[in-house]
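Have a look at upload.cif; it's mmCIF, C-alpha atoms and all ligand atoms:
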```cif
data_query
#
loop_
_atom_site.label_atom_id
_atom_site.label_comp_id
_atom_site.auth_asym_id
_atom_site.auth_seq_id
_atom_site.Cartn_x
_atom_site.Cartn_y
_atom_site.Cartn_z
CA MET A 94 -148.03 -45.55 -152.06
CA ASN A 95 -151.81 -45.60 -151.90
CA PHE A 96 -153.39 -48.96 -152.59
CA ASP A 97 -155.57 -49.45 -155.62
CA ARG A 98 -156.41 -52.56 -157.57
CA SER A 99 -156.43 -51.08 -161.06
CA ILE A 100 -154.38 -52.88 -163.73
CA LYS A 101 -150.76 -51.72 -163.75
CA ILE A 102 -148.01 -52.72 -166.15
CA ALA A 103 -144.52 -53.20 -164.79
CA PRO A 104 -141.95 -53.53 -167.59
CA SER A 105 -139.04 -55.79 -166.64
CA ILE A 106 -135.70 -54.18 -167.44
CA LEU A 107 -134.36 -57.69 -168.08
CA SER A 108 -135.48 -57.05 -171.66
CA ALA A 109 -133.99 -53.53 -171.84
CA ASP A 110 -130.57 -52.55 -173.23
CA PHE A 111 -128.22 -53.39 -170.33
CA ALA A 112 -125.77 -50.67 -171.43
CA ASN A 113 -128.47 -48.03 -171.18
CA PHE A 114 -130.72 -48.68 -168.17
CA GLY A 115 -131.23 -45.04 -167.14
CA LYS A 116 -132.45 -43.96 -170.57
CA GLU A 117 -134.47 -47.14 -171.10
CA ILE A 118 -136.34 -46.53 -167.83
CA GLU A 119 -137.02 -42.91 -168.72
CA ALA A 120 -138.24 -43.97 -172.18
CA VAL A 121 -140.59 -46.67 -170.95
CA GLU A 122 -141.97 -44.48 -168.14
CA SER A 123 -142.61 -41.60 -170.50
CA GLN A 124 -144.47 -44.09 -172.71
CA GLY A 125 -146.81 -45.05 -169.87
CA ALA A 126 -145.21 -47.72 -167.67
CA ASP A 127 -146.79 -47.81 -164.18
CA TRP A 128 -143.96 -49.51 -162.28
CA ILE A 129 -140.41 -50.63 -163.10
CA HIS A 130 -139.69 -54.32 -162.40
CA VAL A 131 -136.08 -55.15 -161.56
CA ASP A 132 -135.07 -58.84 -161.79
CA VAL A 133 -132.19 -59.74 -159.48
CA MET A 134 -130.68 -63.21 -160.09
CA ASP A 135 -127.79 -64.84 -158.28
CA GLY A 136 -126.82 -67.91 -160.33
CA HIS A 137 -127.80 -70.17 -157.40
CA PHE A 138 -131.53 -69.83 -156.86
CA VAL A 139 -131.93 -69.48 -160.63
CA PRO A 140 -129.51 -70.46 -163.40
CA ASN A 141 -128.74 -66.88 -164.47
CA ILE A 142 -126.96 -63.84 -163.00
CA THR A 143 -128.09 -60.26 -163.48
CA PHE A 144 -127.15 -57.51 -161.03
CA GLY A 145 -127.15 -56.43 -157.39
CA PRO A 146 -127.70 -53.46 -155.07
CA PRO A 147 -125.15 -51.05 -156.65
CA LEU A 148 -126.89 -51.27 -160.02
CA CYS A 149 -130.26 -50.79 -158.31
CA ALA A 150 -128.95 -47.70 -156.53
CA ALA A 151 -127.56 -46.34 -159.82
CA ILE A 152 -130.87 -46.65 -161.67
CA ARG A 153 -133.04 -45.45 -158.76
CA PRO A 154 -132.79 -41.73 -159.66
CA HIS A 155 -134.13 -42.55 -163.13
CA ILE A 156 -137.29 -44.18 -161.75
CA LYS A 157 -140.17 -41.76 -161.12
CA THR A 158 -142.80 -44.45 -160.59
CA VAL A 159 -142.33 -47.50 -158.36
CA MET A 160 -139.17 -49.61 -158.06
CA ASP A 161 -140.39 -53.20 -157.84
CA ILE A 162 -137.40 -55.43 -157.02
CA HIS A 163 -137.85 -59.17 -157.60
CA LEU A 164 -135.17 -61.12 -155.77
CA MET A 165 -134.43 -64.51 -157.29
CA ILE A 166 -131.64 -65.18 -154.83
CA SER A 167 -130.77 -67.56 -152.00
CA ASN A 168 -129.91 -66.31 -148.49
CA VAL A 169 -132.30 -63.48 -149.15
CA ASP A 170 -132.39 -62.19 -145.54
CA ASP A 171 -128.72 -61.19 -145.79
CA TYR A 172 -129.46 -58.75 -148.61
CA ILE A 173 -132.75 -57.08 -147.71
CA ASN A 174 -131.20 -53.98 -146.18
CA ASN A 175 -128.85 -53.53 -149.12
CA PHE A 176 -131.77 -53.48 -151.56
CA ALA A 177 -133.80 -51.23 -149.28
CA LYS A 178 -130.87 -48.78 -149.13
CA ALA A 179 -130.61 -48.98 -152.91
CA GLY A 180 -134.07 -47.41 -153.00
CA ALA A 181 -136.55 -50.26 -153.47
CA ASP A 182 -140.23 -49.46 -152.95
CA ILE A 183 -141.21 -53.14 -153.05
CA ILE A 184 -138.95 -56.11 -152.34
CA THR A 185 -140.25 -59.52 -153.38
CA ALA A 186 -138.58 -62.70 -152.16
CA HIS A 187 -139.35 -66.28 -153.20
CA ILE A 188 -141.06 -68.57 -150.73
CA GLU A 189 -138.80 -71.36 -152.04
CA ALA A 190 -135.64 -69.36 -151.25
CA GLY A 191 -135.65 -69.79 -147.49
CA ASN A 192 -137.15 -71.67 -144.57
CA HIS A 193 -138.46 -68.61 -142.77
CA SER A 194 -140.54 -66.57 -145.18
CA HIS A 195 -142.63 -65.12 -142.34
CA ARG A 196 -139.47 -63.61 -140.83
CA THR A 197 -138.29 -62.50 -144.27
CA MET A 198 -141.54 -60.61 -144.90
CA GLN A 199 -141.27 -58.93 -141.51
CA ALA A 200 -137.67 -57.96 -142.23
CA ILE A 201 -138.66 -56.41 -145.57
CA ARG A 202 -141.36 -54.32 -143.91
CA SER A 203 -138.96 -53.30 -141.14
CA SER A 204 -136.56 -52.07 -143.81
CA GLY A 205 -139.26 -49.59 -144.86
CA CYS A 206 -140.31 -51.39 -148.06
CA LYS A 207 -143.50 -53.14 -149.10
CA ALA A 208 -143.14 -56.91 -148.83
CA GLY A 209 -143.81 -59.30 -151.69
CA ILE A 210 -143.78 -63.08 -151.80
CA ALA A 211 -143.17 -64.91 -155.10
CA LEU A 212 -144.31 -68.45 -155.92
CA ASN A 213 -142.65 -70.70 -158.48
CA PRO A 214 -145.02 -72.53 -160.84
CA SER A 215 -144.90 -75.76 -158.80
CA THR A 216 -145.64 -74.04 -155.47
CA PRO A 217 -149.30 -74.21 -154.39
CA ALA A 218 -151.41 -71.17 -153.54
CA GLU A 219 -152.02 -72.48 -150.01
CA SER A 220 -148.34 -72.06 -149.15
CA ILE A 221 -148.87 -68.36 -148.44
CA GLU A 222 -152.09 -68.71 -146.43
CA TYR A 223 -150.39 -67.87 -143.14
CA LEU A 224 -148.43 -64.96 -144.60
CA LEU A 225 -151.43 -62.87 -145.61
CA ASP A 226 -151.06 -60.40 -142.76
CA GLU A 227 -147.36 -59.89 -143.47
CA ILE A 228 -147.45 -59.14 -147.20
CA ASP A 229 -148.30 -56.36 -149.62
CA LEU A 230 -147.89 -58.29 -152.87
CA ILE A 231 -148.03 -61.85 -154.19
CA CYS A 232 -146.10 -62.61 -157.37
CA VAL A 233 -147.30 -65.65 -159.31
CA MET A 234 -144.50 -66.85 -161.57
CA THR A 235 -146.09 -67.85 -164.85
CA VAL A 236 -142.73 -69.14 -166.12
CA ASN A 237 -139.88 -70.85 -164.30
CA PRO A 238 -137.79 -67.90 -163.12
CA GLY A 239 -134.40 -67.17 -164.63
CA PHE A 240 -134.96 -65.89 -168.13
CA GLY A 241 -137.09 -63.50 -170.13
CA GLY A 242 -138.97 -64.50 -173.25
CA GLN A 243 -140.39 -67.83 -172.02
CA LYS A 244 -143.83 -69.27 -172.65
CA PHE A 245 -146.67 -68.61 -170.18
CA ILE A 246 -147.62 -71.69 -168.10
CA HIS A 247 -151.41 -71.89 -168.29
CA SER A 248 -151.87 -74.04 -165.17
CA GLN A 249 -151.08 -70.90 -163.16
CA ILE A 250 -154.44 -69.34 -164.01
CA ALA A 251 -156.15 -71.57 -161.44
CA LYS A 252 -153.56 -70.47 -158.86
CA ILE A 253 -154.20 -66.79 -159.63
CA LYS A 254 -157.93 -67.36 -159.10
CA ALA A 255 -157.34 -69.17 -155.80
CA LEU A 256 -155.06 -66.42 -154.54
CA ARG A 257 -157.46 -63.69 -155.60
CA GLU A 258 -160.13 -65.37 -153.48
CA MET A 259 -157.74 -65.81 -150.57
CA ILE A 260 -156.77 -62.12 -150.70
CA ALA A 261 -160.44 -61.05 -150.49
CA ASP A 262 -160.47 -57.33 -149.61
CA ARG A 263 -156.99 -57.18 -148.10
CA PRO A 264 -154.76 -54.48 -149.65
CA ILE A 265 -152.50 -57.02 -151.38
CA HIS A 266 -151.45 -56.71 -155.02
CA LEU A 267 -151.60 -59.84 -157.16
CA GLU A 268 -148.77 -59.76 -159.69
CA VAL A 269 -148.08 -62.10 -162.61
CA ASP A 270 -144.59 -62.47 -164.00
CA GLY A 271 -143.50 -64.29 -167.14
CA GLY A 272 -144.79 -64.75 -170.67
CA ILE A 273 -147.27 -61.87 -170.45
CA THR A 274 -148.56 -60.93 -173.92
CA ASN A 275 -151.78 -59.61 -175.42
CA HIS A 276 -153.11 -63.18 -175.18
CA THR A 277 -152.08 -64.03 -171.62
CA ALA A 278 -152.57 -60.58 -170.02
CA PRO A 279 -156.39 -60.74 -170.32
CA LEU A 280 -156.46 -64.31 -168.97
CA SER A 281 -154.39 -63.21 -165.97
CA ALA A 282 -156.42 -60.06 -165.37
CA GLU A 283 -159.67 -61.97 -165.61
CA ALA A 284 -158.37 -64.48 -163.07
CA GLY A 285 -157.67 -61.58 -160.68
CA ALA A 286 -154.13 -60.32 -161.31
CA ASN A 287 -153.72 -56.54 -161.18
CA ILE A 288 -149.96 -56.09 -161.72
CA LEU A 289 -148.67 -57.39 -165.04
CA VAL A 290 -144.90 -57.77 -165.33
CA ALA A 291 -143.86 -57.80 -168.97
CA GLY A 292 -140.36 -57.82 -170.41
CA SER A 293 -140.13 -58.91 -174.02
CA SER A 294 -143.66 -57.84 -174.97
CA VAL A 295 -143.04 -54.24 -173.82
CA PHE A 296 -139.48 -53.75 -175.07
CA LYS A 297 -139.97 -55.43 -178.47
CA ASN A 298 -139.46 -53.33 -181.62
CA GLY A 299 -138.39 -50.19 -179.70
CA SER A 300 -135.23 -48.56 -178.37
CA VAL A 301 -134.11 -45.42 -176.55
CA GLN A 302 -133.78 -43.73 -179.97
CA ASN A 303 -137.18 -45.05 -181.06
CA PRO A 304 -139.37 -45.31 -177.91
CA ASN A 305 -142.80 -45.07 -179.56
CA PRO A 306 -143.15 -48.87 -179.91
CA TYR A 307 -142.86 -49.09 -176.10
CA GLY A 308 -145.96 -46.91 -175.86
CA GLU A 309 -147.80 -48.94 -178.50
CA ASN A 310 -146.91 -52.19 -176.72
CA LEU A 311 -148.05 -50.82 -173.34
CA ARG A 312 -151.31 -49.52 -174.80
CA SER A 313 -152.10 -52.78 -176.56
CA LEU A 314 -151.39 -54.79 -173.38
CA ARG A 315 -153.71 -52.49 -171.43
CA LEU A 316 -156.37 -52.67 -174.11
CA SER A 317 -156.20 -56.47 -174.20
CA CYS A 318 -157.32 -56.51 -170.55
CA GLU A 319 -160.33 -54.30 -171.18
CA VAL A 320 -162.24 -56.76 -173.35
C1 LIG B 401 -138.21 -64.17 -165.12
C2 LIG B 401 -138.36 -62.74 -164.64
C3 LIG B 401 -139.37 -61.96 -165.40
C4 LIG B 401 -139.04 -61.81 -166.85
C5 LIG B 401 -140.28 -61.57 -167.63
O1 LIG B 401 -137.36 -64.84 -164.29
O2 LIG B 401 -138.76 -62.72 -163.28
O3 LIG B 401 -139.60 -60.71 -164.81
O4 LIG B 401 -138.13 -60.81 -167.11
O5 LIG B 401 -139.93 -61.53 -168.97
P1 LIG B 401 -140.96 -61.87 -170.13
O6 LIG B 401 -142.06 -60.88 -170.03
O7 LIG B 401 -140.14 -61.70 -171.36
O8 LIG B 401 -141.42 -63.27 -169.90
ZN ZN B 402 -139.50 -60.79 -162.33
#
```

Once you've parsed the file, please lay out its structure as structure tokens.
Ligand code: DX5
Ligand code: ZN
Amino acid sequence: MNFDRSIKIAPSILSADFANFGKEIEAVESQGADWIHVDVMDGHFVPNITFGPPLCAAIRPHIKTVMDIHLMISNVDDYINNFAKAGADIITAHIEAGNHSHRTMQAIRSSGCKAGIALNPSTPAESIEYLLDEIDLICVMTVNPGFGGQKFIHSQIAKIKALREMIADRPIHLEVDGGITNHTAPLSAEAGANILVAGSSVFKNGSVQNPNPYGENLRSLRLSCEV
């Protein structure tokens, strides 16, 4: 994966039809998705349960772009290799999920994946200052993790700006996740985010049988960042 800081949209399959992941991924990629964002939840770190490594391995052959796995799980170190084997390109762990994030980032890179660190809304930007040499992506949660379709938390814009400054010219992606719409995408992009995770705003109005709305939603998100 070559590094570039252009705006990329990563649809979250949390908003896709769970009985049809393979076809949903193919539909959204053929409509212009840049990455596929996979939300893993364990019912402990967040109050919701989604899926684990076997599901990730099953959908991997359907992903032609980048498999961006967001782990919202406790005891994350125990599962890194399983998600790497399932075919992840990027594995993101939460800084709040363990006491040894530095080691976790190193373990993710050793597994052959790019390493991402995610910050809950209440976690300050400074918390990742000493991880900058160990990471390839920072994910700013703009909602409290656990569910799709929540409202963007505007206080996170200042955090995005602070992190963008901290990153300087390092090859680190700055991702935003949660409540991304045509209104909040431009605010995030302007603040310095370059990866926009979007679930409900990409998958709304469309389906595998009727994928054109996915393309319209992706185009209008992209366009909203250009003004
Ligand atoms: C929230 C997840 C997000 C979520 C985004 O815990 O990490 O990826 O699916 O969904 P929307 O775009 O609907 O807020
Ligand atoms: Zn996510």

Within 10 Å of ligand LIG 401 (chain B): each chain A residue with its shortest pair, all atoms listed in the file, as JSON lines:
```
{"residue": "A:Ala103", "atom": "CA", "partner": "B:LIG401", "partner_atom": "O3", "distance": 9.0}
{"residue": "A:Pro104", "atom": "CA", "partner": "B:LIG401", "partner_atom": "O6", "distance": 7.7}
{"residue": "A:Ser105", "atom": "CA", "partner": "B:LIG401", "partner_atom": "O4", "distance": 5.1}
{"residue": "A:Ile106", "atom": "CA", "partner": "B:LIG401", "partner_atom": "O4", "distance": 7.1}
{"residue": "A:Leu107", "atom": "CA", "partner": "B:LIG401", "partner_atom": "O4", "distance": 5.0}
{"residue": "A:Ser108", "atom": "CA", "partner": "B:LIG401", "partner_atom": "O4", "distance": 6.5}
{"residue": "A:Ala109", "atom": "CA", "partner": "B:LIG401", "partner_atom": "O4", "distance": 9.6}
{"residue": "A:His130", "atom": "CA", "partner": "B:LIG401", "partner_atom": "O3", "distance": 6.8}
{"residue": "A:Val131", "atom": "CA", "partner": "B:LIG401", "partner_atom": "O3", "distance": 7.3}
{"residue": "A:Asp132", "atom": "CA", "partner": "B:LIG401", "partner_atom": "O2", "distance": 5.6}
{"residue": "A:Val133", "atom": "CA", "partner": "B:LIG401", "partner_atom": "O2", "distance": 8.2}
{"residue": "A:Met134", "atom": "CA", "partner": "B:LIG401", "partner_atom": "O1", "distance": 8.1}
{"residue": "A:Val139", "atom": "CA", "partner": "B:LIG401", "partner_atom": "O1", "distance": 8.0}
{"residue": "A:Pro140", "atom": "CA", "partner": "B:LIG401", "partner_atom": "O1", "distance": 9.7}
{"residue": "A:Asn141", "atom": "CA", "partner": "B:LIG401", "partner_atom": "O1", "distance": 8.9}
{"residue": "A:Ile162", "atom": "CA", "partner": "B:LIG401", "partner_atom": "O3", "distance": 9.7}
{"residue": "A:His163", "atom": "CA", "partner": "B:LIG401", "partner_atom": "O2", "distance": 6.8}
{"residue": "A:Leu164", "atom": "CA", "partner": "B:LIG401", "partner_atom": "O2", "distance": 8.5}
{"residue": "A:Met165", "atom": "CA", "partner": "B:LIG401", "partner_atom": "O1", "distance": 7.6}
{"residue": "A:Ala211", "atom": "CA", "partner": "B:LIG401", "partner_atom": "O2", "distance": 9.5}
{"residue": "A:Asn213", "atom": "CA", "partner": "B:LIG401", "partner_atom": "O1", "distance": 9.8}
{"residue": "A:Cys232", "atom": "CA", "partner": "B:LIG401", "partner_atom": "O2", "distance": 9.4}
{"residue": "A:Val233", "atom": "CA", "partner": "B:LIG401", "partner_atom": "O2", "distance": 9.9}
{"residue": "A:Met234", "atom": "CA", "partner": "B:LIG401", "partner_atom": "O2", "distance": 7.3}
{"residue": "A:Thr235", "atom": "CA", "partner": "B:LIG401", "partner_atom": "O8", "distance": 8.3}
{"residue": "A:Val236", "atom": "CA", "partner": "B:LIG401", "partner_atom": "C1", "distance": 6.8}
{"residue": "A:Asn237", "atom": "CA", "partner": "B:LIG401", "partner_atom": "O1", "distance": 6.5}
{"residue": "A:Pro238", "atom": "CA", "partner": "B:LIG401", "partner_atom": "O1", "distance": 3.3}
{"residue": "A:Gly239", "atom": "CA", "partner": "B:LIG401", "partner_atom": "O1", "distance": 3.8}
{"residue": "A:Phe240", "atom": "CA", "partner": "B:LIG401", "partner_atom": "O1", "distance": 4.6}
{"residue": "A:Gly241", "atom": "CA", "partner": "B:LIG401", "partner_atom": "O5", "distance": 3.6}
{"residue": "A:Gly242", "atom": "CA", "partner": "B:LIG401", "partner_atom": "O7", "distance": 3.6}
{"residue": "A:Gln243", "atom": "CA", "partner": "B:LIG401", "partner_atom": "O8", "distance": 5.1}
{"residue": "A:Lys244", "atom": "CA", "partner": "B:LIG401", "partner_atom": "O8", "distance": 7.0}
{"residue": "A:Phe245", "atom": "CA", "partner": "B:LIG401", "partner_atom": "O8", "distance": 7.5}
{"residue": "A:Val269", "atom": "CA", "partner": "B:LIG401", "partner_atom": "O3", "distance": 8.9}
{"residue": "A:Asp270", "atom": "CA", "partner": "B:LIG401", "partner_atom": "O3", "distance": 5.4}
{"residue": "A:Gly271", "atom": "CA", "partner": "B:LIG401", "partner_atom": "O8", "distance": 3.6}
{"residue": "A:Gly272", "atom": "CA", "partner": "B:LIG401", "partner_atom": "O8", "distance": 3.8}
{"residue": "A:Ile273", "atom": "CA", "partner": "B:LIG401", "partner_atom": "O6", "distance": 5.3}
{"residue": "A:Thr274", "atom": "CA", "partner": "B:LIG401", "partner_atom": "O6", "distance": 7.6}
{"residue": "A:Leu289", "atom": "CA", "partner": "B:LIG401", "partner_atom": "O6", "distance": 9.0}
{"residue": "A:Val290", "atom": "CA", "partner": "B:LIG401", "partner_atom": "O3", "distance": 6.1}
{"residue": "A:Ala291", "atom": "CA", "partner": "B:LIG401", "partner_atom": "O6", "distance": 3.7}
{"residue": "A:Gly292", "atom": "CA", "partner": "B:LIG401", "partner_atom": "O6", "distance": 3.5}
{"residue": "A:Ser293", "atom": "CA", "partner": "B:LIG401", "partner_atom": "O7", "distance": 3.9}
{"residue": "A:Ser294", "atom": "CA", "partner": "B:LIG401", "partner_atom": "O6", "distance": 6.0}
{"residue": "A:Val295", "atom": "CA", "partner": "B:LIG401", "partner_atom": "O6", "distance": 7.7}
{"residue": "A:Phe296", "atom": "CA", "partner": "B:LIG401", "partner_atom": "O7", "distance": 8.8}
{"residue": "A:Lys297", "atom": "CA", "partner": "B:LIG401", "partner_atom": "O7", "distance": 9.5}
```

### Task
Quick one: pull the distance between atom CA of Asn287 of chain A and atom CA of Ser99 of chain A, Å, one decimal.
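Going from atom CA of Asn287 of chain A over to atom CA of Ser99 of chain A covers 6.1 Å.
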
### Query
Of the candidates A:Thr216, A:Pro279, A:Lys254, A:Lys157, which shows the shortest atom-to-atom distance to Glu119 of chain A, using only C-alpha atoms?
A:Lys157

Once 3 Å is added on each side, what centre and edge lengths in Å to one decimal does the axis-aligned box around all listed atoms of segment 294-313 of chain A have, as JSON?
```
{"center_x": -142.9, "center_y": -50.8, "center_z": -177.5, "size_x": 24.3, "size_y": 20.1, "size_z": 14.3}
```

### A:Ala278, A:Ile102, A:Ile142, A:Leu311 ranked by distance to His247 of chain A, top pick (using all atoms listed in the file)
A:Ala278

### Message
To one decimal place in Å, what is the distance between atom CA of Ala255 of chain A and atom CA of His187 of chain A?
### Response
18.4 Å

Within 10 Å of Lys116 of chain A using only C-alpha atoms, minus same-chain residues under 5 positions, as a PDB file with C-alpha atoms, in the frame of the given file:
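Written out: around12.pdb:
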```pdb
ATOM      1  CA  ALA A 109    -133.990 -53.530-171.840  1.00  0.00           C
ATOM      2  CA  ASP A 110    -130.570 -52.550-173.230  1.00  0.00           C
ATOM      3  CA  VAL A 121    -140.590 -46.670-170.950  1.00  0.00           C
ATOM      4  CA  GLU A 122    -141.970 -44.480-168.140  1.00  0.00           C
ATOM      5  CA  ILE A 152    -130.870 -46.650-161.670  1.00  0.00           C
ATOM      6  CA  HIS A 155    -134.130 -42.550-163.130  1.00  0.00           C
ATOM      7  CA  SER A 300    -135.230 -48.560-178.370  1.00  0.00           C
ATOM      8  CA  VAL A 301    -134.110 -45.420-176.550  1.00  0.00           C
ATOM      9  CA  GLN A 302    -133.780 -43.730-179.970  1.00  0.00           C
TER      10      GLN A 302
END
```

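Closest to ligand ZN 402 (chain B) among A:Thr143, A:Asn174, A:Ser220, A:Asn298 is A:Thr143, based on all atoms listed in the file.
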
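Atom CA of Asp161 of chain A is positioned 6.5 Å from atom CA of Ala181 of chain A.
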
### Query
From the list A:Leu230, A:Ile265, A:Ala120, A:Ile100, which residue is nearest Ala282 of chain A when using all atoms listed in the file?
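Looking only at the distances to Ala282 of chain A, the closest residue turns out to be A:Ile100.
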
Counting all atoms listed in the file, which residues have an atom no more than 10 Å from (-130.6, -49.9, -157.4) in the file's coordinates? Please list them as a short mmCIF file (atom, residue, chain, number, x, y, z; two decimals) with C-alpha atoms, in the coordinates of the input.
```cif
data_model
loop_
_atom_site.label_atom_id
_atom_site.label_comp_id
_atom_site.auth_asym_id
_atom_site.auth_seq_id
_atom_site.Cartn_x
_atom_site.Cartn_y
_atom_site.Cartn_z
CA VAL A 131 -136.08 -55.15 -161.56
CA PHE A 144 -127.15 -57.51 -161.03
CA GLY A 145 -127.15 -56.43 -157.39
CA PRO A 146 -127.70 -53.46 -155.07
CA PRO A 147 -125.15 -51.05 -156.65
CA LEU A 148 -126.89 -51.27 -160.02
CA CYS A 149 -130.26 -50.79 -158.31
CA ALA A 150 -128.95 -47.70 -156.53
CA ALA A 151 -127.56 -46.34 -159.82
CA ILE A 152 -130.87 -46.65 -161.67
CA ARG A 153 -133.04 -45.45 -158.76
CA PRO A 154 -132.79 -41.73 -159.66
CA HIS A 155 -134.13 -42.55 -163.13
CA ILE A 156 -137.29 -44.18 -161.75
CA MET A 160 -139.17 -49.61 -158.06
CA ILE A 162 -137.40 -55.43 -157.02
CA ASN A 175 -128.85 -53.53 -149.12
CA PHE A 176 -131.77 -53.48 -151.56
CA ALA A 177 -133.80 -51.23 -149.28
CA LYS A 178 -130.87 -48.78 -149.13
CA ALA A 179 -130.61 -48.98 -152.91
CA GLY A 180 -134.07 -47.41 -153.00
CA ALA A 181 -136.55 -50.26 -153.47
#
```

### Message
Would you pick out the contacts of Ala284 of chain A at 8 Å or less, using only C-alpha atoms, so that residues sharing its chain but fewer than 5 positions from it are not included, and give the list as a PyMOL selection string?
### Response
chain A and resi 250-251+253-254+257

Dump of C-alpha atoms for the selected residues, as an mmCIF file, keeping the file's coordinate frame:
```cif
data_model
loop_
_atom_site.group_PDB
_atom_site.id
_atom_site.type_symbol
_atom_site.label_atom_id
_atom_site.label_comp_id
_atom_site.auth_asym_id
_atom_site.auth_seq_id
_atom_site.Cartn_x
_atom_site.Cartn_y
_atom_site.Cartn_z
ATOM 1 C CA ILE A 250 -154.440 -69.340 -164.010
ATOM 2 C CA ALA A 251 -156.150 -71.570 -161.440
ATOM 3 C CA ILE A 253 -154.200 -66.790 -159.630
ATOM 4 C CA LYS A 254 -157.930 -67.360 -159.100
ATOM 5 C CA ARG A 257 -157.460 -63.690 -155.600
#
```
